[in-house]
Amino acid sequence: MREIAVFSGSAHPELAAEICAHLEVPLRPVRIKRFANDCIEVQLQANCRERDVFLIQPLVTPVQENLVELLLMLDAARGASAARTTVVMPHYAYARSDKKDAPRISIGGRLVADLLVAAGASRVLAMTLHSPQVHGFFSVPVDHLHALRELAAYFRRYDLGNTIVVSPDLGNAKEAAHFANLLKVPVAAGAKQRFADDKVTITSIIGDVRGRDVIVLDDEIAKGSTVLELLDRLRELDVRSIRVACTHGLFASGALKRIGEQPEVTEIVCTNTVPIPNSERTSKLTVLSIAPALAEAMRRIHNGESVSALFDAP
């Protein structure tokens, strides 16, 4: 691919390297320097003039550090006369701040979108945004991918004759229904009420799950409070087995260990949109790569081809 320059911040260089391997282009070097006053300086160490530039940076812990890195990379690309700069953001942490559900709070998802555009983003490539409306926060084109095809391809390896997909809440039910349709299995959903970031209650499950093999599907798992609450309800309904699947495996505050310790959980499946340290992984964890999907989307963006057509293919 000619006239393309791919750079990565420090958030997830392994994923960036894998994407570049699929594209058969080099991952260009970036110099990130921190001054004595704690300010960051970024230098893109390859030619950007009149090139199609892609900046790969998921917003993961430390989110604010990685966000500033990304903003400075965007500014550097604009100052270097890039023809177009696309932000490849496998995980958009601020997508959870998508509405004003209490007095005098900020809508961080919209503010960060404005910052990215102001810094020089021409286009955004995102993966499984927390809420569909976040797409509309950006004033530049957004290509919104999902990992349901990758997850479905993995679960088709199993006998799905007695399987049901369960969404932890009604907000994720549409995605769960799509996933269930890919697997040709029924779908159910939990009736959830959230009281705080780590305090949720699921009063019931809408759908017949008794005696079934369950695949719990969520867009992301952070502290795992919702999943653990759902597991309690599923346990009461005597399900036969449980597998947990998500796109973004954040697994904060020991969530991966707590979920893995549940005896009914036979497997936890996520993608590599965010880095998962080897020290935190368990024998029940399976990590799928979304690098091929992101690489193909980047190739299509560069060549002016349809990205939505990716989801039309089986």
# chains A, B, ... in the order shown; residues from 1 in each chain; ligands from 1
$ closest_atom_pairs --of "segment 57-172 of chain A" --to "segment 40-47 of chain A" --cutoff "8 Å" --atoms "only C-alpha atoms" --output "Markdown table"
| residue | atom | partner | partner_atom | distance |
| --- | --- | --- | --- | --- |
| A:Glu69 | CA | A:Val42 | CA | 7.2 |
| A:Leu72 | CA | A:Val42 | CA | 6.1 |
| A:Met73 | CA | A:Val42 | CA | 6.2 |
| A:Ala76 | CA | A:Gln43 | CA | 6.7 |
| A:Ala77 | CA | A:Leu44 | CA | 7.3 |
| A:Ala80 | CA | A:Asn47 | CA | 7.8 |
$ closest_atom_pairs --of "segment 92-140 of chain A" --to "segment 279-297 of chain A" --cutoff "10 Å" --atoms "only C-alpha atoms" --output "tab-separated table"
residue	atom	partner	partner_atom	distance
A:Leu125	CA	A:Ala297	CA	8.1
A:Ala126	CA	A:Leu294	CA	8.9
A:Met127	CA	A:Leu294	CA	8.5
$ write_last_selection --atoms "N, CA, C and O atoms" --output "PDB file, in the first residue's frame"
ATOM      1  N   LEU A 125     -11.947   5.501  12.994  1.00  0.00           N
ATOM      2  CA  LEU A 125     -12.285   4.088  12.861  1.00  0.00           C
ATOM      3  C   LEU A 125     -12.385   3.517  14.268  1.00  0.00           C
ATOM      4  O   LEU A 125     -11.394   3.464  14.995  1.00  0.00           O
ATOM      5  N   ALA A 126     -13.588   3.129  14.673  1.00  0.00           N
ATOM      6  CA  ALA A 126     -13.826   2.684  16.051  1.00  0.00           C
ATOM      7  C   ALA A 126     -14.364   1.258  16.054  1.00  0.00           C
ATOM      8  O   ALA A 126     -14.854   0.753  15.039  1.00  0.00           O
ATOM      9  N   MET A 127     -14.282   0.630  17.213  1.00  0.00           N
ATOM     10  CA  MET A 127     -14.751  -0.750  17.369  1.00  0.00           C
ATOM     11  C   MET A 127     -15.717  -0.836  18.554  1.00  0.00           C
ATOM     12  O   MET A 127     -15.351  -0.508  19.688  1.00  0.00           O
TER      13      MET A 127
END
$ closest_residue --among "A:Thr128, A:Asn278, A:Ser225, A:Asn181" --to "His248 of chain A" --atoms "only C-alpha atoms"
A:Thr128
$ atom_distance --atom1 "atom CA of Val87 of chain A" --atom2 "atom CA of Leu250 of chain A"
20.5 Å
$ select_by_dssp --residues "segment 207-310 of chain A" --states "helix (DSSP H, G or I)" --output "NGL selection string"
:A and (225-236 or 252-260 or 278-280 or 291-303 or 308-310)
$ residues_around --residues "Val209 of chain A" --least-positions-apart "4" --cutoff "10 Å" --atoms "only C-alpha atoms" --output "PyMOL selection string"
chain A and resi 162-166+186-189+205+213-214+234+237-240
$ write_last_selection --atoms "C-alpha atoms" --output "PDB file, in the first residue's frame"
ATOM      1  CA  ASN A 162     -28.840 -26.306  23.441  1.00  0.00           C
ATOM      2  CA  THR A 163     -27.327 -22.789  23.501  1.00  0.00           C
ATOM      3  CA  ILE A 164     -28.907 -19.405  24.229  1.00  0.00           C
ATOM      4  CA  VAL A 165     -27.291 -15.949  24.117  1.00  0.00           C
ATOM      5  CA  VAL A 166     -28.029 -13.771  27.153  1.00  0.00           C
ATOM      6  CA  PRO A 186     -32.373 -17.905  20.741  1.00  0.00           C
ATOM      7  CA  VAL A 187     -31.698 -14.821  22.852  1.00  0.00           C
ATOM      8  CA  ALA A 188     -32.626 -13.623  26.350  1.00  0.00           C
ATOM      9  CA  ALA A 189     -31.879 -10.483  28.384  1.00  0.00           C
ATOM     10  CA  ILE A 205     -34.156 -12.713  33.035  1.00  0.00           C
ATOM     11  CA  ASP A 213     -25.799 -23.676  27.704  1.00  0.00           C
ATOM     12  CA  VAL A 214     -25.512 -19.905  28.045  1.00  0.00           C
ATOM     13  CA  LEU A 234     -28.483 -17.777  35.934  1.00  0.00           C
ATOM     14  CA  LEU A 237     -32.332 -20.945  37.000  1.00  0.00           C
ATOM     15  CA  ASP A 238     -30.123 -24.060  36.825  1.00  0.00           C
ATOM     16  CA  VAL A 239     -28.397 -23.375  33.533  1.00  0.00           C
ATOM     17  CA  ARG A 240     -26.131 -26.173  32.318  1.00  0.00           C
TER      18      ARG A 240
END
$ closest_residue --among "A:Asn303, A:Lys33, A:Ser241, A:Lys223" --to "Ser253 of chain A" --atoms "only C-alpha atoms"
A:Lys223
$ closest_residue --among "A:Asp232, A:Glu24, A:Glu261, A:Glu175" --to "Thr203 of chain A" --atoms "only C-alpha atoms"
A:Asp232
$ residues_around --residues "Ile107 of chain A" --least-positions-apart "2" --cutoff "10 Å" --atoms "only C-alpha atoms" --output "VMD selection string"
chain A and resid 94 to 101 104 to 105 109 to 112
$ select_by_dssp --residues "segment 59-191 of chain A" --states "strand (DSSP E)" --output "list in words"
Arg84, Thr85, Thr86, Val87, Val88, Met89, Arg123, Val124, Leu125, Ala126, Met127, Val142, Asp143, His144, Leu145, Thr163, Ile164, Val165, Val166, Ser167, Val187, Ala188, Ala189, Gly190 and Ala191 of chain A
$ write_last_selection --atoms "N, CA and C atoms" --output "short mmCIF file (atom, residue, chain, number, x, y, z; two decimals), in the first residue's frame"
data_model
loop_
_atom_site.label_atom_id
_atom_site.label_comp_id
_atom_site.auth_asym_id
_atom_site.auth_seq_id
_atom_site.Cartn_x
_atom_site.Cartn_y
_atom_site.Cartn_z
N ARG A 84 -4.54 13.19 4.89
CA ARG A 84 -5.70 12.81 5.69
C ARG A 84 -5.19 12.04 6.90
N THR A 85 -5.79 12.27 8.05
CA THR A 85 -5.38 11.58 9.27
C THR A 85 -6.57 10.85 9.86
N THR A 86 -6.45 9.54 9.94
CA THR A 86 -7.52 8.69 10.49
C THR A 86 -7.10 8.17 11.85
N VAL A 87 -7.95 8.40 12.85
CA VAL A 87 -7.72 7.85 14.18
C VAL A 87 -8.30 6.45 14.23
N VAL A 88 -7.46 5.47 14.50
CA VAL A 88 -7.90 4.08 14.68
C VAL A 88 -7.99 3.84 16.17
N MET A 89 -9.22 3.82 16.69
CA MET A 89 -9.45 3.80 18.13
C MET A 89 -10.23 2.54 18.50
N ARG A 123 -10.94 11.53 10.15
CA ARG A 123 -11.82 10.37 10.12
C ARG A 123 -11.53 9.53 11.36
N VAL A 124 -12.50 8.74 11.80
CA VAL A 124 -12.33 7.89 12.97
C VAL A 124 -12.76 6.47 12.61
N LEU A 125 -11.95 5.50 12.99
CA LEU A 125 -12.28 4.09 12.86
C LEU A 125 -12.39 3.52 14.27
N ALA A 126 -13.59 3.13 14.67
CA ALA A 126 -13.83 2.68 16.05
C ALA A 126 -14.36 1.26 16.05
N MET A 127 -14.28 0.63 17.21
CA MET A 127 -14.75 -0.75 17.37
C MET A 127 -15.72 -0.84 18.55
N VAL A 142 -17.22 8.57 10.67
CA VAL A 142 -16.86 7.51 11.62
C VAL A 142 -17.21 6.17 10.99
N ASP A 143 -16.25 5.27 10.93
CA ASP A 143 -16.50 3.88 10.54
C ASP A 143 -16.54 3.06 11.82
N HIS A 144 -17.72 2.50 12.09
CA HIS A 144 -17.96 1.82 13.37
C HIS A 144 -18.01 0.31 13.13
N LEU A 145 -16.98 -0.38 13.52
CA LEU A 145 -16.91 -1.83 13.38
C LEU A 145 -17.44 -2.52 14.63
N THR A 163 -27.93 -24.06 23.08
CA THR A 163 -27.33 -22.79 23.50
C THR A 163 -28.31 -21.63 23.39
N ILE A 164 -28.17 -20.66 24.29
CA ILE A 164 -28.91 -19.40 24.23
C ILE A 164 -27.95 -18.27 24.55
N VAL A 165 -28.08 -17.16 23.84
CA VAL A 165 -27.29 -15.95 24.12
C VAL A 165 -28.07 -15.09 25.10
N VAL A 166 -27.39 -14.61 26.13
CA VAL A 166 -28.03 -13.77 27.15
C VAL A 166 -27.31 -12.43 27.24
N SER A 167 -28.08 -11.36 27.07
CA SER A 167 -27.56 -10.00 27.27
C SER A 167 -27.77 -9.62 28.74
N VAL A 187 -32.32 -15.88 22.06
CA VAL A 187 -31.70 -14.82 22.85
C VAL A 187 -32.57 -14.50 24.06
N ALA A 188 -31.93 -14.08 25.14
CA ALA A 188 -32.63 -13.62 26.35
C ALA A 188 -31.89 -12.40 26.87
N ALA A 189 -32.49 -11.70 27.84
CA ALA A 189 -31.88 -10.48 28.38
C ALA A 189 -32.23 -10.32 29.85
N GLY A 190 -31.33 -9.71 30.60
CA GLY A 190 -31.57 -9.42 32.00
C GLY A 190 -32.26 -8.08 32.17
N ALA A 191 -33.07 -7.96 33.21
CA ALA A 191 -33.70 -6.69 33.57
C ALA A 191 -32.83 -6.04 34.63
#
$ closest_residue --among "A:Pro141, A:Glu50, A:Ala176, A:Arg299" --to "His22 of chain A" --atoms "only C-alpha atoms"
A:Arg299
$ residues_around --residues "Pro168 of chain A" --least-positions-apart "4" --cutoff "8 Å" --atoms "only C-alpha atoms" --output "JSON, numbers by chain"
{"A": [172, 189, 190, 191, 192, 216, 217, 218, 226, 227, 230]}
$ atom_distance --atom1 "atom CA of Asp52 of chain A" --atom2 "atom CA of Ala17 of chain A"
17.6 Å
$ closest_residue --among "A:Ser10, A:Ser139, A:Ser308, A:Ser131" --to "Ala118 of chain A" --atoms "only C-alpha atoms"
A:Ser139
$ residues_around --residues "Ala11 of chain A" --least-positions-apart "6" --cutoff "7 Å" --atoms "only C-alpha atoms" --output "list in words"
Gln57, Pro58, Val60 and Asn66 of chain A
$ closest_residue --among "A:Thr247, A:Asn37, A:Thr271, A:Thr266" --to "Asp219 of chain A" --atoms "only C-alpha atoms"
A:Thr247
$ atom_distance --atom1 "atom CA of Phe311 of chain A" --atom2 "atom CA of His12 of chain A"
25.2 Å
